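Participant: Below is structure_1.cif; it holds mmCIF, C-alpha atoms (C1' of nucleotides).
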data_upload
#
loop_
_atom_site.label_atom_id
_atom_site.label_comp_id
_atom_site.auth_asym_id
_atom_site.auth_seq_id
_atom_site.Cartn_x
_atom_site.Cartn_y
_atom_site.Cartn_z
CA MET F 1 22.22 -57.05 46.11
CA ILE F 2 25.54 -57.31 47.91
CA ARG F 3 28.04 -55.22 46.04
CA ILE F 4 31.73 -55.99 45.92
CA ASN F 5 34.48 -53.62 44.91
CA GLU F 6 37.41 -55.62 43.66
CA ASN F 7 39.48 -52.65 42.60
CA LEU F 8 39.46 -51.14 46.05
CA ILE F 9 40.23 -54.46 47.75
CA LYS F 10 43.10 -55.10 45.43
CA TYR F 11 44.50 -51.64 45.92
CA LEU F 12 44.39 -51.85 49.71
CA CYS F 13 45.80 -55.37 49.75
CA ASP F 14 48.82 -54.09 47.87
CA LEU F 15 49.09 -51.05 50.09
CA VAL F 16 48.93 -52.98 53.37
CA LYS F 17 51.60 -55.39 52.17
CA SER F 18 54.03 -52.70 51.10
CA PRO F 19 57.08 -52.85 53.41
CA ASN F 20 56.89 -49.28 54.69
CA ASN F 21 53.10 -49.20 55.13
CA ASN F 22 51.98 -47.05 58.03
CA LEU F 23 48.70 -45.90 56.54
CA LEU F 24 46.33 -48.70 57.35
CA ILE F 25 45.92 -51.76 59.53
CA LEU F 26 43.89 -54.94 59.49
CA GLN F 27 41.25 -55.69 62.08
CA SER F 28 38.76 -58.49 62.57
CA ALA F 29 35.29 -58.82 64.08
CA LYS F 30 33.01 -61.68 65.05
CA PRO F 31 29.30 -61.82 64.19
CA THR F 32 27.07 -59.37 66.12
CA VAL F 33 30.02 -57.08 66.89
CA LYS F 34 29.37 -53.44 66.08
CA ILE F 35 32.09 -51.67 64.14
CA MET F 36 30.25 -48.37 63.94
CA ASP F 37 27.65 -46.84 66.25
CA GLN F 38 24.90 -44.54 65.04
CA GLY F 39 25.44 -41.09 66.51
CA SER F 40 29.02 -41.59 67.59
CA LYS F 41 32.13 -39.77 66.49
CA ILE F 42 34.04 -41.45 63.67
CA ASN F 43 37.82 -41.51 63.69
CA SER F 44 38.48 -44.03 60.96
CA VAL F 45 37.28 -45.22 57.63
CA PHE F 46 36.79 -48.96 57.13
CA VAL F 47 36.83 -51.21 54.10
CA ILE F 48 35.61 -54.80 54.26
CA LYS F 49 38.28 -57.25 53.20
CA SER F 50 36.13 -60.35 53.75
CA GLY F 51 32.76 -61.21 55.23
CA ILE F 52 29.34 -59.56 55.33
CA ALA F 53 28.10 -56.77 57.56
CA LYS F 54 24.81 -54.97 57.87
CA CYS F 55 24.55 -51.20 57.83
CA TYR F 56 21.35 -49.96 59.43
CA LEU F 57 19.69 -46.90 60.79
CA THR F 58 17.38 -46.87 63.79
CA GLN F 59 14.37 -44.59 63.38
CA ASP F 60 12.39 -42.48 65.82
CA THR F 61 9.72 -45.17 65.49
CA GLY F 62 12.15 -47.71 66.91
CA ASN F 63 12.33 -49.55 63.60
CA ASP F 64 15.65 -50.49 62.08
CA PHE F 65 16.04 -49.95 58.39
CA ILE F 66 18.90 -51.75 56.69
CA GLN F 67 20.67 -49.54 54.19
CA GLU F 68 22.81 -52.23 52.73
CA PHE F 69 24.48 -55.53 53.39
CA PHE F 70 28.14 -54.73 52.91
CA GLY F 71 30.33 -57.16 50.98
CA GLU F 72 33.99 -57.21 50.07
CA GLY F 73 35.49 -53.87 49.16
CA GLU F 74 32.63 -51.89 50.62
CA ILE F 75 33.79 -48.70 52.31
CA PHE F 76 32.07 -47.03 55.27
CA GLY F 77 32.73 -44.12 57.58
CA GLU F 78 33.78 -41.99 54.61
CA ILE F 79 30.46 -40.10 54.40
CA GLU F 80 30.91 -38.87 57.94
CA MET F 81 34.47 -37.77 57.16
CA PHE F 82 33.38 -35.59 54.27
CA ASN F 83 30.32 -34.20 56.00
CA ASN F 84 32.16 -33.86 59.29
CA GLU F 85 29.25 -35.36 61.16
CA LEU F 86 28.47 -38.09 63.63
CA SER F 87 27.83 -41.59 62.37
CA LEU F 88 24.63 -41.93 60.39
CA CYS F 89 24.33 -45.68 60.83
CA ASP F 90 25.25 -48.71 62.84
CA VAL F 91 27.47 -51.23 61.12
CA GLU F 92 27.42 -54.74 62.55
CA ALA F 93 29.19 -57.93 61.52
CA ILE F 94 26.93 -60.70 60.22
CA THR F 95 29.68 -63.18 59.40
CA ASP F 96 33.32 -63.15 60.51
CA LEU F 97 34.86 -59.96 59.20
CA VAL F 98 38.30 -58.81 58.25
CA LEU F 99 38.55 -55.05 57.83
CA PHE F 100 41.02 -52.47 56.63
CA LYS F 101 41.08 -49.56 59.04
CA ILE F 102 42.38 -46.17 57.93
CA SER F 103 42.60 -43.28 60.35
CA LYS F 104 40.94 -40.01 59.47
CA TYR F 105 44.30 -38.34 59.07
CA ASN F 106 45.64 -41.02 56.76
CA PHE F 107 42.43 -41.14 54.80
CA PHE F 108 42.58 -37.46 53.97
CA SER F 109 46.25 -37.70 53.26
CA LEU F 110 45.62 -40.53 50.78
CA ILE F 111 42.79 -38.56 49.16
CA ALA F 112 45.04 -35.56 48.75
CA ASN F 113 48.19 -37.29 47.59
CA ASP F 114 47.20 -40.48 45.89
CA LYS F 115 45.32 -39.96 42.63
CA LYS F 116 44.54 -43.62 42.27
CA PHE F 117 42.99 -43.84 45.73
CA GLN F 118 41.13 -40.60 45.16
CA MET F 119 39.53 -41.99 42.03
CA LEU F 120 38.66 -45.27 43.76
CA VAL F 121 36.84 -43.33 46.47
CA LEU F 122 34.98 -41.17 43.95
CA GLU F 123 33.93 -44.31 42.11
CA SER F 124 32.77 -46.02 45.26
CA LEU F 125 30.68 -43.00 46.25
CA ALA F 126 29.11 -42.88 42.81
CA SER F 127 28.38 -46.57 43.00
CA LYS F 128 26.71 -46.16 46.40
CA ILE F 129 24.48 -43.44 45.02
CA LYS F 130 23.52 -45.53 42.03
CA TYR F 131 22.76 -48.49 44.26
CA LYS F 132 20.57 -46.42 46.53
CA ALA F 133 18.75 -44.77 43.66
CA LEU F 134 17.86 -48.07 42.01
CA ARG F 135 16.97 -49.73 45.26
CA HIS F 136 14.63 -47.03 46.47
CA SER F 137 12.92 -46.87 43.08
CA TYR F 138 12.52 -50.59 42.97
CA ASN F 139 11.22 -50.77 46.51
CA GLN F 140 8.59 -48.15 45.98
CA SER F 141 7.14 -49.53 42.83
CA HIS F 142 7.16 -53.26 43.25
CA THR F 143 5.14 -55.60 45.40
CA ILE F 144 6.64 -57.70 48.15
CA ASP F 145 6.34 -60.74 45.88
CA GLN F 146 8.47 -59.14 43.24
CA LYS F 147 11.03 -57.90 45.73
CA ILE F 148 11.48 -61.33 47.26
CA ILE F 149 11.70 -63.08 43.91
CA ASN F 150 14.28 -60.51 42.87
CA LEU F 151 16.26 -60.92 46.07
CA HIS F 152 16.19 -64.66 45.66
CA LYS F 153 17.48 -64.43 42.10
CA GLN F 154 20.39 -62.23 43.08
CA PHE F 155 21.30 -64.09 46.24
CA PRO F 156 19.71 -67.54 46.53
CA GLU F 157 21.34 -68.46 49.83
CA ILE F 158 20.18 -65.29 51.51
CA MET F 159 17.70 -67.05 53.80
CA ASP F 160 20.46 -69.26 55.19
CA ILE F 161 22.90 -66.45 55.92
CA ILE F 162 20.72 -63.56 56.94
CA GLN F 163 18.00 -63.62 59.58
CA LYS F 164 14.38 -63.14 58.65
CA LYS F 165 14.12 -60.02 60.79
CA ASP F 166 17.04 -58.46 58.91
CA ILE F 167 15.60 -59.33 55.52
CA ALA F 168 12.32 -57.75 56.56
CA ASN F 169 14.16 -54.65 57.73
CA TYR F 170 16.02 -54.53 54.46
CA LEU F 171 12.80 -54.65 52.48
CA GLY F 172 11.08 -52.24 54.83
CA ILE F 173 8.30 -54.68 55.70
CA THR F 174 7.25 -56.69 58.74
CA LYS F 175 8.35 -60.23 59.46
CA ARG F 176 4.73 -61.30 59.21
CA SER F 177 4.39 -60.01 55.67
CA LEU F 178 7.69 -61.54 54.71
CA ASN F 179 6.62 -64.96 55.98
CA ARG F 180 3.24 -64.74 54.35
CA VAL F 181 4.68 -63.94 50.96
CA ILE F 182 7.48 -66.48 51.19
CA SER F 183 5.11 -69.32 52.00
CA ASP F 184 2.85 -68.20 49.18
CA LEU F 185 5.74 -68.10 46.69
CA LYS F 186 6.87 -71.54 47.78
CA LYS F 187 3.38 -72.94 47.20
CA ARG F 188 3.49 -71.50 43.71
CA ASN F 189 7.02 -72.87 43.16
CA LEU F 190 8.39 -69.42 42.43
CA ILE F 191 11.26 -69.62 44.89
CA MET V 192 13.55 -31.79 51.31
CA ILE V 193 15.15 -29.63 48.61
CA ARG V 194 18.84 -29.36 49.34
CA ILE V 195 20.95 -26.42 48.39
CA ASN V 196 24.70 -26.31 48.19
CA GLU V 197 25.87 -22.76 48.69
CA ASN V 198 29.55 -23.54 48.69
CA LEU V 199 29.43 -25.12 45.27
CA ILE V 200 27.28 -22.29 43.83
CA LYS V 201 29.62 -19.69 45.19
CA TYR V 202 32.66 -21.46 43.88
CA LEU V 203 31.27 -21.83 40.37
CA CYS V 204 29.96 -18.26 40.31
CA ASP V 205 33.48 -17.06 40.97
CA LEU V 206 34.93 -19.45 38.43
CA VAL V 207 32.55 -18.50 35.63
CA LYS V 208 33.21 -14.82 36.20
CA SER V 209 36.99 -15.13 36.11
CA PRO V 210 38.27 -13.36 33.00
CA ASN V 211 40.04 -16.31 31.43
CA ASN V 212 37.31 -18.86 32.18
CA ASN V 213 37.02 -21.55 29.57
CA LEU V 214 35.95 -24.36 31.84
CA LEU V 215 32.22 -23.87 32.18
CA ILE V 216 29.30 -22.07 30.61
CA LEU V 217 25.84 -20.98 31.67
CA GLN V 218 22.71 -22.42 30.15
CA SER V 219 19.01 -21.97 30.81
CA ALA V 220 15.91 -24.14 30.50
CA LYS V 221 12.17 -23.56 30.65
CA PRO V 222 9.76 -25.74 32.64
CA THR V 223 9.19 -29.26 31.22
CA VAL V 224 12.47 -29.18 29.30
CA LYS V 225 14.62 -32.25 29.82
CA ILE V 226 18.27 -31.61 30.60
CA MET V 227 19.16 -35.25 30.96
CA ASP V 228 17.62 -38.36 29.43
CA GLN V 229 17.55 -41.72 31.14
CA GLY V 230 19.71 -44.15 29.18
CA SER V 231 21.54 -41.60 27.11
CA LYS V 232 25.24 -40.84 26.95
CA ILE V 233 26.36 -38.02 29.21
CA ASN V 234 28.96 -35.55 28.00
CA SER V 235 28.63 -32.87 30.67
CA VAL V 236 28.10 -32.35 34.33
CA PHE V 237 25.47 -29.79 35.39
CA VAL V 238 25.01 -27.71 38.51
CA ILE V 239 21.81 -25.80 39.17
CA LYS V 240 22.42 -22.09 39.62
CA SER V 241 18.76 -21.22 40.17
CA GLY V 242 15.39 -22.92 39.92
CA ILE V 243 14.03 -26.36 40.70
CA ALA V 244 14.27 -29.55 38.67
CA LYS V 245 13.03 -33.07 39.17
CA CYS V 246 15.28 -36.07 38.86
CA TYR V 247 13.35 -39.25 38.20
CA LEU V 248 13.73 -42.79 37.06
CA THR V 249 11.21 -44.65 34.95
CA GLN V 250 10.71 -48.27 36.00
CA ASP V 251 9.94 -51.44 34.05
CA THR V 252 6.45 -51.08 35.51
CA GLY V 253 6.06 -47.75 33.74
CA ASN V 254 6.02 -45.87 37.03
CA ASP V 255 8.20 -42.85 37.54
CA PHE V 256 10.00 -42.56 40.83
CA ILE V 257 11.35 -39.16 41.74
CA GLN V 258 14.80 -39.39 43.28
CA GLU V 259 15.01 -35.82 44.33
CA PHE V 260 13.84 -32.31 43.57
CA PHE V 261 17.06 -30.50 42.78
CA GLY V 262 17.62 -27.03 44.21
CA GLU V 263 20.43 -24.52 43.91
CA GLY V 264 23.91 -25.97 43.92
CA GLU V 265 22.75 -29.47 43.20
CA ILE V 266 25.07 -31.35 40.85
CA PHE V 267 24.03 -34.06 38.40
CA GLY V 268 25.65 -36.12 35.68
CA GLU V 269 28.68 -36.70 37.89
CA ILE V 270 27.65 -40.23 38.89
CA GLU V 271 27.63 -41.30 35.27
CA MET V 272 31.08 -39.75 34.75
CA PHE V 273 32.63 -41.75 37.57
CA ASN V 274 30.84 -44.97 36.73
CA ASN V 275 31.31 -44.44 33.02
CA GLU V 276 27.73 -45.40 32.36
CA LEU V 277 24.64 -44.13 30.59
CA SER V 278 22.34 -41.75 32.38
CA LEU V 279 20.52 -43.31 35.30
CA CYS V 280 17.74 -40.72 35.45
CA ASP V 281 15.81 -38.10 33.61
CA VAL V 282 16.27 -34.54 34.83
CA GLU V 283 13.53 -32.09 33.91
CA ALA V 284 13.02 -28.41 34.72
CA ILE V 285 10.07 -27.63 36.99
CA THR V 286 10.65 -23.89 37.19
CA ASP V 287 12.87 -21.70 35.00
CA LEU V 288 16.41 -22.97 35.37
CA VAL V 289 19.86 -21.53 35.07
CA LEU V 290 22.58 -24.14 34.93
CA PHE V 291 26.33 -24.36 34.97
CA LYS V 292 27.48 -26.79 32.33
CA ILE V 293 30.92 -28.39 32.56
CA SER V 294 32.18 -30.72 29.87
CA LYS V 295 33.41 -34.15 30.82
CA TYR V 296 36.95 -33.22 29.95
CA ASN V 297 36.89 -30.03 32.02
CA PHE V 298 35.19 -31.79 34.89
CA PHE V 299 37.93 -34.38 35.17
CA SER V 300 40.54 -31.75 34.72
CA LEU V 301 39.08 -29.72 37.60
CA ILE V 302 38.89 -32.82 39.77
CA ALA V 303 42.52 -33.61 39.08
CA ASN V 304 43.96 -30.13 39.40
CA ASP V 305 41.75 -28.15 41.70
CA LYS V 306 41.81 -29.38 45.30
CA LYS V 307 39.01 -27.07 46.33
CA PHE V 308 36.70 -28.31 43.59
CA GLN V 309 37.68 -31.88 44.29
CA MET V 310 36.63 -31.50 47.92
CA LEU V 311 33.37 -29.79 46.97
CA VAL V 312 32.51 -32.75 44.76
CA LEU V 313 33.39 -35.26 47.46
CA GLU V 314 31.22 -33.36 49.91
CA SER V 315 28.30 -33.20 47.51
CA LEU V 316 28.50 -36.92 46.85
CA ALA V 317 28.55 -37.62 50.58
CA SER V 318 25.59 -35.34 51.07
CA LYS V 319 23.63 -37.12 48.34
CA ILE V 320 24.27 -40.44 50.01
CA LYS V 321 23.17 -39.13 53.38
CA TYR V 322 20.04 -37.64 51.87
CA LYS V 323 19.14 -40.90 50.17
CA ALA V 324 19.84 -42.97 53.26
CA LEU V 325 17.60 -40.86 55.48
CA ARG V 326 14.89 -40.57 52.89
CA HIS V 327 14.62 -44.25 52.15
CA SER V 328 14.60 -45.06 55.85
CA TYR V 329 11.94 -42.53 56.53
CA ASN V 330 9.83 -43.66 53.60
CA GLN V 331 9.85 -47.27 54.62
CA SER V 332 8.93 -46.80 58.23
CA HIS V 333 6.41 -44.01 58.24
CA THR V 334 2.81 -43.83 57.12
CA ILE V 335 1.65 -41.59 54.31
CA ASP V 336 0.16 -39.23 56.91
CA GLN V 337 3.51 -38.75 58.56
CA LYS V 338 5.31 -38.32 55.26
CA ILE V 339 2.93 -35.62 54.09
CA ILE V 340 3.00 -33.77 57.40
CA ASN V 341 6.78 -33.90 57.27
CA LEU V 342 6.90 -32.69 53.67
CA HIS V 343 4.54 -29.88 54.53
CA LYS V 344 6.72 -28.80 57.46
CA GLN V 345 9.86 -28.70 55.37
CA PHE V 346 8.30 -27.06 52.34
CA PRO V 347 4.86 -25.54 52.97
CA GLU V 348 4.38 -24.16 49.46
CA ILE V 349 5.10 -27.51 47.86
CA MET V 350 1.53 -28.05 46.67
CA ASP V 351 1.60 -24.76 44.78
CA ILE V 352 4.88 -25.38 43.00
CA ILE V 353 4.91 -29.09 42.37
CA GLN V 354 2.17 -31.13 40.73
CA LYS V 355 0.24 -33.72 42.68
CA LYS V 356 1.41 -36.47 40.37
CA ASP V 357 5.04 -35.55 41.06
CA ILE V 358 4.52 -35.42 44.79
CA ALA V 359 2.93 -38.85 44.64
CA ASN V 360 5.85 -40.14 42.60
CA TYR V 361 8.26 -38.65 45.09
CA LEU V 362 6.54 -40.41 47.97
CA GLY V 363 6.16 -43.62 46.00
CA ILE V 364 2.38 -43.68 46.32
CA THR V 365 -0.59 -43.18 44.01
CA LYS V 366 -2.34 -39.89 43.43
CA ARG V 367 -5.49 -41.38 44.90
CA SER V 368 -3.78 -42.18 48.19
CA LEU V 369 -2.17 -38.78 48.28
CA ASN V 370 -5.52 -37.04 47.83
CA ARG V 371 -7.24 -39.22 50.37
CA VAL V 372 -4.65 -38.50 53.03
CA ILE V 373 -4.43 -34.79 52.26
CA SER V 374 -8.16 -34.29 52.57
CA ASP V 375 -8.13 -36.28 55.79
CA LEU V 376 -5.29 -34.20 57.24
CA LYS V 377 -7.07 -30.99 56.27
CA LYS V 378 -10.20 -32.14 58.08
CA ARG V 379 -8.11 -32.74 61.16
CA ASN V 380 -6.37 -29.37 60.74
CA LEU V 381 -2.96 -30.99 60.58
CA ILE V 382 -1.86 -29.27 57.41
"C1'" DA T 383 19.57 -82.91 80.71
"C1'" DA T 384 16.70 -79.15 81.99
"C1'" DT T 385 15.64 -74.35 81.52
"C1'" DT T 386 15.54 -70.16 79.35
"C1'" DA T 387 15.89 -67.17 75.47
"C1'" DA T 388 15.66 -66.25 70.60
"C1'" DT T 389 13.92 -67.12 66.21
"C1'" DA T 390 10.52 -68.93 62.93
"C1'" DA T 391 5.90 -69.66 61.32
"C1'" DG T 392 1.38 -68.53 60.89
"C1'" DG T 393 -4.13 -67.55 62.32
"C1'" DA T 394 -7.56 -63.88 62.64
"C1'" DC T 395 -8.73 -59.47 62.06
"C1'" DA T 396 -8.08 -54.30 61.20
"C1'" DT T 397 -6.14 -50.85 58.50
"C1'" DT T 398 -3.94 -48.93 54.73
"C1'" DT T 399 -3.24 -48.45 50.11
"C1'" DG T 400 -4.23 -49.42 45.32
"C1'" DT T 401 -7.38 -49.99 41.22
"C1'" DC T 402 -10.80 -48.50 38.39
"C1'" DC T 403 -13.76 -45.44 37.74
"C1'" DC T 404 -16.18 -40.74 36.69
"C1'" DG T 405 -17.18 -35.83 36.78
"C1'" DA T 406 -15.47 -30.96 37.79
"C1'" DA T 407 -12.27 -27.31 37.15
"C1'" DG T 408 -8.45 -25.06 34.55
"C1'" DC T 409 -5.64 -24.28 30.45
"C1'" DT T 410 -4.66 -24.36 25.55
"C1'" DT T 411 -5.60 -23.95 20.89
"C1'" DA T 412 -8.36 -24.08 16.74
"C1'" DT L 413 -16.40 -19.41 22.23
"C1'" DA L 414 -16.15 -24.16 21.70
"C1'" DA L 415 -13.51 -28.37 21.75
"C1'" DG L 416 -9.98 -30.86 23.53
"C1'" DC L 417 -6.48 -31.92 26.81
"C1'" DT L 418 -4.59 -32.14 31.52
"C1'" DT L 419 -4.94 -31.92 36.26
"C1'" DC L 420 -7.71 -32.35 40.47
"C1'" DG L 421 -10.72 -34.67 43.71
"C1'" DG L 422 -13.14 -38.36 45.25
"C1'" DG L 423 -16.70 -42.90 45.40
"C1'" DA L 424 -16.76 -47.90 45.73
"C1'" DC L 425 -14.54 -51.86 46.07
"C1'" DA L 426 -10.40 -55.16 46.03
"C1'" DA L 427 -5.96 -56.36 47.38
"C1'" DA L 428 -1.89 -55.88 50.11
"C1'" DT L 429 0.13 -55.20 54.41
"C1'" DG L 430 0.29 -54.50 59.39
"C1'" DT L 431 -1.07 -55.65 64.30
"C1'" DC L 432 -1.62 -58.72 67.82
"C1'" DC L 433 -1.11 -63.01 69.49
"C1'" DT L 434 0.00 -68.04 69.92
"C1'" DT L 435 2.60 -72.11 69.17
"C1'" DA L 436 6.71 -74.59 67.27
"C1'" DT L 437 11.44 -74.95 66.73
"C1'" DT L 438 16.11 -74.03 67.37
"C1'" DA L 439 20.06 -72.19 69.96
"C1'" DA L 440 22.25 -70.83 74.26
"C1'" DT L 441 23.01 -71.26 79.26
"C1'" DT L 442 22.99 -73.24 83.71
#
Can you turn what I pasted into structure tokens?

Facilitator:
Amino acid sequence: MIRINENLIKYLCDLVKSPNNNLLILQSAKPTVKIMDQGSKINSVFVIKSGIAKCYLTQDTGNDFIQEFFGEGEIFGEIEMFNNELSLCDVEAITDLVLFKISKYNFFSLIANDKKFQMLVLESLASKIKYKALRHSYNQSHTIDQKIINLHKQFPEIMDIIQKKDIANYLGITKRSLNRVISDLKKRNLI
Amino acid sequence: MIRINENLIKYLCDLVKSPNNNLLILQSAKPTVKIMDQGSKINSVFVIKSGIAKCYLTQDTGNDFIQEFFGEGEIFGEIEMFNNELSLCDVEAITDLVLFKISKYNFFSLIANDKKFQMLVLESLASKIKYKALRHSYNQSHTIDQKIINLHKQFPEIMDIIQKKDIANYLGITKRSLNRVISDLKKRNLI
DNA sequence: AATTAATAAGGACATTTGTCCCGAAGCTTA
DNA sequence: TAAGCTTCGGGACAAATGTCCTTATTAATT
């Protein structure tokens, strides 16, 4: 449920430590701080070094829909670079974050000149697509029960780390339905 | 709702016509023919030159969920190349198709040596992610009414070209619900 | 410590959507 | 042309989910 990308982390850790690095910097953020704002211009690409963030999209209905909880090695801002568009989502820290920040210029320069980085980015895009494909499929053809059991299997501590409202917005359901099903599953000893 | 990628089409049309082309070939498929099989090994990347295909995923529940109706310039098989995995989805012709077919070897060789192609692939991946993000959001926070009205706005002839069952599987609902809402919307003159 | 704000939990009811049917209309093939 | 298959459309009912609202509980602020 929360993906991590060790290869990318490792690669950027090495890069940031290299003595003549001028391509990327480290940055940190406390919980509730927004790193990216839906609809705003993006000048940098970010990669999470440690911590968890939520990436969500606010609809015309006023509802937030959480695209993904970002874990270590997750990249964001890159979609907007390639599409040359304003930010699609908000990204907000849930726990303390440490981030790699790469300027637009440096990002494209790495893509163009660094085959290893290029391939890591292609892989991370492919992995995002796969994640989204499976998630949307799963969401549409399983009941709330099944989704919560599944979530709980993959990430048992989720209820302690992530707020109920956010879990509901991740599943695309209301808080009421979430509570109802959770209490039911507890009664049946399924979670 | 059906994306098209003119830049990629144009680029491959030029490439296939170049006198010493040995990188890609053209292939055609009749309706109901499967070009890709969920769970099978992928040896080529495809790009749709003309026609419409459906890309769907069969769940453990037996339900099919349609990821996308592919239009001109849509690429598929590339995810599996980058992730080095078996096919995630089935892809099946809905109308007569003409396809560009690029072998795995040639695909990676183009990515490595052809900056223009490389950027076209990065852009198409980014566009897929954006499409999926918006679609899943929209799906989760709108009623069936709204989804059908929206679909009808974007693609009025959809009901003539695509079967009811497929539309239902695209929206993640049952045929019964689809019919109920359609007849209701017709009564209210909304479609 | 007292007050306010935010989150969690759930009751009662309405609405939406799914399930399980069945019959009609269109195609396909013997 | 008849028989068989597939798609379409919808009735009746059941189940899942949302809406609205209220009360605890926890966290934050003065």

Participant: Can you turn the PyMOL selection byres ((chain F) within 9 of (chain V)) into a concrete residue list for this file, as a PyMOL selection string?

Facilitator: chain F and resi 57-59+61+63-67+78-83+88+112+115+119+121-130+132-134+136-142+171-173

Participant: What residues in chain F have any atom no more than 10 Å from chain T when counting only C-alpha atoms (C1' of nucleotides), and can you write them as a list of chain:residue names?

Facilitator: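 The answer, sorted by residue number, is F:Gln163, F:Lys164, F:Lys165, F:Lys175, F:Arg176, F:Asn179, F:Arg180, F:Ser183.
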
Participant: What do you get, as a list in words, if you spell out every residue that the PyMOL selection byres ((chain L) within 9 of (chain F)) selects here?

Facilitator: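 Against this file, the PyMOL selection byres ((chain L) within 9 of (chain F)) returns the residues DA428, DT429 and DG430 of chain L.
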
Participant: Expressed in Å to a single decimal, how great is the separation between atom CA of Leu215 of chain V and atom CA of Lys292 of chain V?

Facilitator: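 Going from atom CA of Leu215 of chain V over to atom CA of Lys292 of chain V, I get 5.6 Å.
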
Participant: If you measure from atom CA of Val282 of chain V to atom CA of Phe308 of chain V, what distance in Å do you get, rounded to one decimal?

Facilitator: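 These two atoms are separated by 23.1 Å.
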
Participant: Atom CA of Gln345 of chain V and atom CA of Ile382 of chain V are how many Å apart?

Facilitator: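 Spanning atom CA of Gln345 of chain V to atom CA of Ile382 of chain V is a straight-line distance of 11.9 Å.
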